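*Asks:* I have a structure here, written as structure tokens, and I will follow up with some questions on it.
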Amino acid sequence: MASKVWCRMFQFAMRTATLFLNWTPPERLEGAGSVKELPKLIKRDGLKKILLVTDKGLTELGLYNGLLEALKKRDIGAVLFDDVRPNPTVDNIEAGLALYLAESCQGIVAFGGGSPMDCAKGIGARLARPNKSILKMRGTLKVIKKIPPLYAIPTTAGTGSECTVAAVVSDPKTHEKGAVNDPVLRPRVAVLDPKLTLGLPPHITSTTGMDALTHAVEAYIGGSNTKDTKRWAEEATALIFANLEKVYADGKDVAARANMLLASHLAGLAFTRAYVGYVHSIAHNMGGIYGTPHGLANAIILPYVLEDYGPAIYTSLAALCDAAGLTGVNGDEAKAKAFISEIRAMNARMNIPDKIADLRETDIPLIAKRALLEGNPLYPVPVIWDQAHCEAVIHRLMAA
């Protein structure tokens with residue numbers, strides 16, 4: 001494992017380097033029906049044919065039909081790639097790349113949740129680097145070259161991928177998940193249309209919403225915050241606490257759906273600049289080995305990791321407790337513990353379990369090893385763990 005001193009030196013260097021990168025957020029379209037406004041911007045950018053990256057489930061629902069009609073009215077061709085798999089793999093990205101090239105597309109529209117977004121970004125990275133495999137681009141600043149125009153339309157309020165610089169890719173041979181991180185992957189336009197999220201079932205609504213909360217919290221408690229990322233994380237936290245359970249109970253509440261999309265977007269803006277932490281690195285590897293949905297894994301793992309950080313994050317969590325509107329407690333420690341307790345209570349009220357059902361004790365050393373390889377030295381976590389510490393925390397996630 002990388003030494004703690006080396007980790008902190010690396011993180012300081014990264015914080016310094018990020019000052020010179022382009023962090024311009026995507027142009028944003030918001031409101032019910034805003035998806036139909038996107039073709040006007042695609043036309044403005046001079047594109048005549050795009051690759052629409054999505055999945056079979058959204059095809060069956062016909063959720064993007066309005067977009068296709070609007071594209072047709074603008075004389076923009078659309079080539080459908082709806083073979084995106086959960087946790088997209090190298091082969092999945094290569095299949096999309098082949099279709100893009102065969103059809104002479106000029107840009108990409110990602111339509112869906114985190115998986116279509118990740119796949120679309122992976123296709124873009126391969127177009128920018130045709131002689132470099134996507135696995136060789138995992139890590140930070142390994143794409144560099146400009147990708148084709150990318151437009152993102154989220155249909156869940158959780159990943160924030162429509163405004164992030166990361167694409168998570170799975171290696172089907174090793175069952176390992178890793179992220180490609182580069183500002184060139186950030187979409188040009190993000191469309192936040194609440195109508196596209198009205199059909200989300202309650203369990204997807206809850207787990208993707210807790211995914212967004214995890215993004216906000218991990219960004220906020222880390223060591224690479226800016227004034228902007230702190231403000232975005234606080235605003236996202238406030239919106240999630242005010243709206244998530246509301247849309248869990250009533251999925252047709254358009255105003256609350258819009259607020260959750262905005263919360264997810266703000267949390268995405270926060271963590272793409274300030275990074276995440278061990279919640280994500282453990283969750284990624286739960287997904288890689290067991291196929292655990294990312295939002296579900298984050299929701300379960302989050303309170304355990306926050307408890308383990310202890311006093312190192314009391315002040316930060318106290319501020320988030322205030323942002324969440326939790327009252328009746330005073331002092332940083334009491335507020336921090338109340339915030340963690342409320343996360344557990346929210347999970348319980350939305351029928352999210354408190355353990356990883358598939359977790360096997362024999363897998364814990366490998367999960368911990370991979371989690372630390374992802375997290376150290378990149379993630380500016382409040383407390384740096386070693387192998388034994390990480391294994392102990394993961395062990396608490398096992399069902400009795």
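Letters for chains follow the order of the structure tokens (A, B, ...), residue numbers begin at 1 for each chain, and ligand numbers begin at 1 in the order shown.
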For the interface of stretch 176-238 of chain A with stretch 32-39 of chain A (cut-off 8 Å, counting only C-alpha atoms), please tabulate each contacting residue of stretch 176-238 of chain A alongside its nearest pair of atoms and their separation in Å to one decimal, rows sorted by chain and increasing number, as a Markdown table.
*Replies:*
| residue | atom | partner | partner_atom | distance |
| --- | --- | --- | --- | --- |
| A:Val191 | CA | A:Val35 | CA | 6.1 |
| A:Leu192 | CA | A:Ser34 | CA | 7.2 |
| A:Asp193 | CA | A:Ala32 | CA | 5.1 |
| A:Pro194 | CA | A:Ala32 | CA | 5.6 |
| A:Lys195 | CA | A:Ala32 | CA | 5.6 |
*Asks:* For those residues, write C-alpha atoms to a file as a short mmCIF file (atom, residue, chain, number, x, y, z; two decimals), in the first residue's frame.
*Replies:*
data_model
loop_
_atom_site.label_atom_id
_atom_site.label_comp_id
_atom_site.auth_asym_id
_atom_site.auth_seq_id
_atom_site.Cartn_x
_atom_site.Cartn_y
_atom_site.Cartn_z
CA VAL A 191 -30.41 17.95 -20.19
CA LEU A 192 -32.34 17.81 -16.91
CA ASP A 193 -35.86 16.87 -17.98
CA PRO A 194 -37.93 15.60 -15.01
CA LYS A 195 -40.51 13.99 -17.29
#
*Asks:* Residues near A:Gly122, anyone? I mean within 7 Å using only C-alpha atoms, not counting same-chain ones fewer than 5 positions away, as a list of chain:residue names.
*Replies:*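 So the residues in contact are A:Ile93, A:Ile134, A:Ala167.
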*Asks:* Using the selection just defined, write its residues with C-alpha atoms as an mmCIF file, in the first residue's frame.
*Replies:*
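So the final result, stored in selection_35.cif, reads:
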data_model
loop_
_atom_site.group_PDB
_atom_site.id
_atom_site.type_symbol
_atom_site.label_atom_id
_atom_site.label_comp_id
_atom_site.auth_asym_id
_atom_site.auth_seq_id
_atom_site.Cartn_x
_atom_site.Cartn_y
_atom_site.Cartn_z
ATOM 1 C CA ILE A 93 -17.605 0.025 -25.524
ATOM 2 C CA ILE A 134 -9.871 1.738 -22.713
ATOM 3 C CA ALA A 167 -16.286 6.945 -16.963
#
*Asks:* Please identify all polymer residues within 12 Å of A:Ala258, counting only C-alpha atoms, omitting same-chain residues fewer than 5 positions from it, and present them as a count of residues only.
*Replies:* 30
*Asks:* So which bits of stretch 125-325 of chain A end up helix (DSSP H, G or I) when you DSSP the backbone, as a PyMOL selection string?
*Replies:* chain A and resi 125-128+134-137+161-163+183-185+194-197+202-221+227-249+254-274+278-290+294-323
*Asks:* Write out, as a short mmCIF file (atom, residue, chain, number, x, y, z; two decimals), in the first residue's frame, the residues just selected, with C-alpha atoms.
*Replies:*
data_model
loop_
_atom_site.label_atom_id
_atom_site.label_comp_id
_atom_site.auth_asym_id
_atom_site.auth_seq_id
_atom_site.Cartn_x
_atom_site.Cartn_y
_atom_site.Cartn_z
CA ALA A 125 -12.25 8.20 -25.31
CA ARG A 126 -11.56 5.43 -27.83
CA LEU A 127 -12.35 7.79 -30.71
CA ALA A 128 -9.87 10.28 -29.29
CA ILE A 134 -9.87 1.74 -22.71
CA LEU A 135 -8.21 -0.24 -19.92
CA LYS A 136 -4.95 1.61 -20.63
CA MET A 137 -6.81 4.89 -20.11
CA SER A 161 -22.50 11.62 -14.89
CA GLU A 162 -23.95 14.24 -17.22
CA CYS A 163 -21.49 16.73 -15.72
CA PRO A 183 -11.84 16.71 -18.24
CA VAL A 184 -12.20 15.97 -21.97
CA LEU A 185 -14.90 13.42 -21.06
CA PRO A 194 -37.93 15.60 -15.01
CA LYS A 195 -40.51 13.99 -17.29
CA LEU A 196 -37.92 11.37 -18.21
CA THR A 197 -37.67 10.25 -14.58
CA PRO A 202 -39.36 3.38 -6.05
CA HIS A 203 -36.29 1.18 -5.47
CA ILE A 204 -34.40 2.83 -8.34
CA THR A 205 -35.51 6.27 -7.18
CA SER A 206 -34.23 5.59 -3.65
CA THR A 207 -30.87 4.04 -4.49
CA THR A 208 -29.96 6.53 -7.20
CA GLY A 209 -30.94 9.35 -4.86
CA MET A 210 -28.66 7.97 -2.15
CA ASP A 211 -25.94 7.68 -4.78
CA ALA A 212 -26.25 11.44 -5.32
CA LEU A 213 -26.09 12.02 -1.57
CA THR A 214 -22.93 9.91 -1.38
CA HIS A 215 -21.35 12.07 -4.09
CA ALA A 216 -22.17 15.24 -2.18
CA VAL A 217 -20.98 13.90 1.19
CA GLU A 218 -17.74 12.33 -0.02
CA ALA A 219 -16.84 15.47 -1.97
CA TYR A 220 -17.59 17.64 1.08
CA ILE A 221 -15.56 15.72 3.63
CA LYS A 227 -15.72 27.23 -2.33
CA ASP A 228 -17.79 26.12 -5.30
CA THR A 229 -17.67 22.40 -4.52
CA LYS A 230 -18.66 23.01 -0.90
CA ARG A 231 -21.59 25.17 -1.97
CA TRP A 232 -22.73 22.61 -4.57
CA ALA A 233 -22.50 19.77 -2.03
CA GLU A 234 -24.47 21.70 0.57
CA GLU A 235 -27.17 22.63 -1.95
CA ALA A 236 -27.38 19.04 -3.20
CA THR A 237 -27.68 17.70 0.35
CA ALA A 238 -30.48 20.14 1.15
CA LEU A 239 -32.39 19.20 -2.01
CA ILE A 240 -32.01 15.46 -1.41
CA PHE A 241 -33.21 15.57 2.18
CA ALA A 242 -36.20 17.71 1.12
CA ASN A 243 -37.20 15.74 -1.98
CA LEU A 244 -35.94 12.14 -2.10
CA GLU A 245 -38.50 10.55 0.18
CA LYS A 246 -41.17 12.70 -1.43
CA VAL A 247 -40.50 11.20 -4.88
CA TYR A 248 -40.06 7.75 -3.35
CA ALA A 249 -43.65 8.03 -2.10
CA VAL A 254 -42.71 16.65 -11.29
CA ALA A 255 -41.38 19.47 -9.10
CA ALA A 256 -39.70 17.05 -6.70
CA ARG A 257 -38.31 15.03 -9.63
CA ALA A 258 -36.82 18.23 -11.05
CA ASN A 259 -35.27 19.04 -7.67
CA MET A 260 -33.69 15.59 -7.49
CA LEU A 261 -32.23 15.95 -10.99
CA LEU A 262 -30.74 19.28 -9.95
CA ALA A 263 -29.41 17.75 -6.72
CA SER A 264 -27.76 14.94 -8.64
CA HIS A 265 -26.25 17.47 -11.06
CA LEU A 266 -24.89 19.69 -8.28
CA ALA A 267 -23.43 16.68 -6.47
CA GLY A 268 -21.82 15.65 -9.76
CA LEU A 269 -20.27 19.08 -10.14
CA ALA A 270 -18.94 18.81 -6.59
CA PHE A 271 -17.37 15.38 -6.73
CA THR A 272 -15.94 15.65 -10.23
CA ARG A 273 -13.71 18.44 -8.90
CA ALA A 274 -13.30 17.37 -5.25
CA TYR A 278 -13.61 4.88 0.14
CA VAL A 279 -17.40 4.49 -0.09
CA HIS A 280 -17.04 4.59 -3.85
CA SER A 281 -13.91 2.49 -4.11
CA ILE A 282 -15.54 -0.29 -2.06
CA ALA A 283 -18.83 0.03 -3.94
CA HIS A 284 -17.10 -0.15 -7.32
CA ASN A 285 -15.55 -3.47 -6.36
CA MET A 286 -18.80 -4.83 -4.94
CA GLY A 287 -20.24 -4.07 -8.37
CA GLY A 288 -17.30 -5.64 -10.16
CA ILE A 289 -17.42 -8.92 -8.22
CA TYR A 290 -21.13 -9.33 -7.39
CA HIS A 294 -23.77 1.09 -7.63
CA GLY A 295 -26.39 3.27 -5.95
CA LEU A 296 -27.49 0.41 -3.70
CA ALA A 297 -23.90 -0.33 -2.67
CA ASN A 298 -23.19 3.35 -1.92
CA ALA A 299 -26.38 3.69 0.14
CA ILE A 300 -25.47 0.69 2.30
CA ILE A 301 -21.77 1.48 2.69
CA LEU A 302 -22.01 5.24 3.32
CA PRO A 303 -22.97 5.27 7.03
CA TYR A 304 -20.37 2.62 7.91
CA VAL A 305 -17.52 4.60 6.37
CA LEU A 306 -18.69 7.88 7.89
CA GLU A 307 -18.85 6.28 11.35
CA ASP A 308 -15.34 4.92 10.93
CA TYR A 309 -13.86 8.32 10.03
CA GLY A 310 -15.01 9.54 13.43
CA PRO A 311 -13.82 12.95 14.76
CA ALA A 312 -11.94 13.72 11.53
CA ILE A 313 -15.23 14.65 9.86
CA TYR A 314 -17.39 15.90 12.73
CA THR A 315 -17.11 19.56 11.69
CA SER A 316 -17.92 18.81 8.04
CA LEU A 317 -20.85 16.55 8.87
CA ALA A 318 -22.18 19.13 11.32
CA ALA A 319 -22.36 21.62 8.46
CA LEU A 320 -24.17 19.07 6.29
CA CYS A 321 -26.53 18.34 9.18
CA ASP A 322 -27.46 22.03 9.14
CA ALA A 323 -27.81 22.00 5.34
#
*Asks:* Just to confirm, what's the straight-line distance from atom CA of A:Phe12 to atom CA of A:Tyr379 in Å (one decimal)?
*Replies:*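 For atom CA of A:Phe12 relative to atom CA of A:Tyr379, the distance reads 10.9 Å.
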*Asks:* Can you work out which one of A:Leu366, A:Gly223, A:Ile340, A:Asn22 has the shortest atom-to-atom distance to A:Val381, counting only C-alpha atoms?
*Replies:*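 Ranked by minimum distance to A:Val381, first place goes to A:Gly223.
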*Asks:* So how far away is atom CA of A:Leu68 from atom CA of A:Phe81, in Å?
*Replies:*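 Computed distance, atom CA of A:Phe81 to atom CA of A:Leu68, equals 13.2 Å.
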*Asks:* If we count only C-alpha atoms and set the cut-off at 7 Å, which residues sit around A:Gly77, ignoring sequence neighbours fewer than 3 positions away in its own chain? Please answer as a short mmCIF file (atom, residue, chain, number, x, y, z; two decimals) with C-alpha atoms, in the first residue's frame.
*Replies:*
data_model
loop_
_atom_site.label_atom_id
_atom_site.label_comp_id
_atom_site.auth_asym_id
_atom_site.auth_seq_id
_atom_site.Cartn_x
_atom_site.Cartn_y
_atom_site.Cartn_z
CA LYS A 48 -25.71 15.92 -39.02
CA LYS A 49 -25.62 12.45 -37.47
CA ILE A 50 -25.28 11.26 -33.89
CA LEU A 71 -33.92 15.27 -34.15
CA LYS A 72 -35.80 14.35 -37.32
#
*Asks:* Once DSSP has gone over the backbone, tell me which residues of stretch 122-284 of chain A are in strand (DSSP E or B), as a PyMOL selection string.
*Replies:* chain A and resi 139-140+150-154+166-171+176-181+189-192
*Asks:* Take the selection from the previous step and output its residues with C-alpha atoms, as a compact mmCIF listing (two decimals), in the first residue's frame.
*Replies:*
# COMPACT_ATOMS: atom_id res chain seq x y z
CA GLY A 139 -6.61 6.53 -14.14
CA THR A 140 -6.19 10.27 -14.43
CA LEU A 150 -21.00 14.55 -26.25
CA TYR A 151 -24.51 15.40 -25.02
CA ALA A 152 -25.97 13.78 -21.91
CA ILE A 153 -29.59 13.14 -20.94
CA PRO A 154 -29.97 11.47 -17.52
CA ALA A 166 -15.25 10.15 -15.21
CA ALA A 167 -16.29 6.94 -16.96
CA VAL A 168 -16.37 3.70 -14.98
CA VAL A 169 -15.45 0.60 -16.99
CA SER A 170 -15.55 -3.07 -15.98
CA ASP A 171 -12.96 -5.65 -17.00
CA GLU A 176 -12.58 -5.27 -11.68
CA LYS A 177 -14.08 -1.81 -12.12
CA GLY A 178 -11.95 1.26 -12.73
CA ALA A 179 -12.50 4.85 -13.77
CA VAL A 180 -11.15 6.84 -16.69
CA ASN A 181 -10.81 10.40 -15.37
CA VAL A 189 -24.64 19.81 -22.76
CA ALA A 190 -26.63 18.29 -19.87
CA VAL A 191 -30.41 17.95 -20.19
CA LEU A 192 -32.34 17.81 -16.91
*Asks:* Would you mind telling me which residue in A:Val383, A:Thr362, A:Asp354, A:Trp6 lies nearest to A:Arg396 when using only C-alpha atoms?
*Replies:* A:Asp354
*Asks:* What is the atom CA of A:Thr24 to atom CA of A:Ser224 distance in Å?
*Replies:*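 So the two atoms, atom CA of A:Thr24 and atom CA of A:Ser224, lie 17.4 Å apart.
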*Asks:* Which is closest to A:Val109 among A:Ile144, A:Leu80, A:Val53, A:Leu67, if we use only C-alpha atoms?
*Replies:*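 Looking only at the distances to A:Val109, the closest residue turns out to be A:Val53.
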*Asks:* Write out as number ranges by chain the residues lying within 10 Å of A:Gly328, counting only C-alpha atoms and excluding same-chain residues fewer than 6 positions away.
*Replies:* A: 334-335, 338
*Asks:* Which of these, A:Lys56, A:His389, A:Lys40, A:Lys73, has the shortest distance to A:Pro86 once you count only C-alpha atoms?
*Replies:*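 Closest candidate: A:Lys56.
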*Asks:* So that I can check the surroundings of A:Asn92, please list as a list in words every protein, DNA and RNA residue that reaches within 8 Å of it, counting only C-alpha atoms and ignoring chain neighbours fewer than 4 positions away.
*Replies:*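 Contacts, with the query itself left out: Asp83, Val84, Arg85, Pro88, Gly96 and Cys119 of chain A.
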*Asks:* Pick from A:Ile352, A:Leu200, A:Ile343, A:Val329: nearest to A:Gly57, with only C-alpha atoms counted?
*Replies:*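 Nearest to A:Gly57: A:Leu200.
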*Asks:* Nearest to A:Gly124 among A:Cys105, A:Ile76, A:Leu97, A:Ala348, with distances taken over only C-alpha atoms: which residue is it?
*Replies:*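 Ranking A:Cys105, A:Ile76, A:Leu97, A:Ala348 by distance to A:Gly124, first place goes to A:Leu97.
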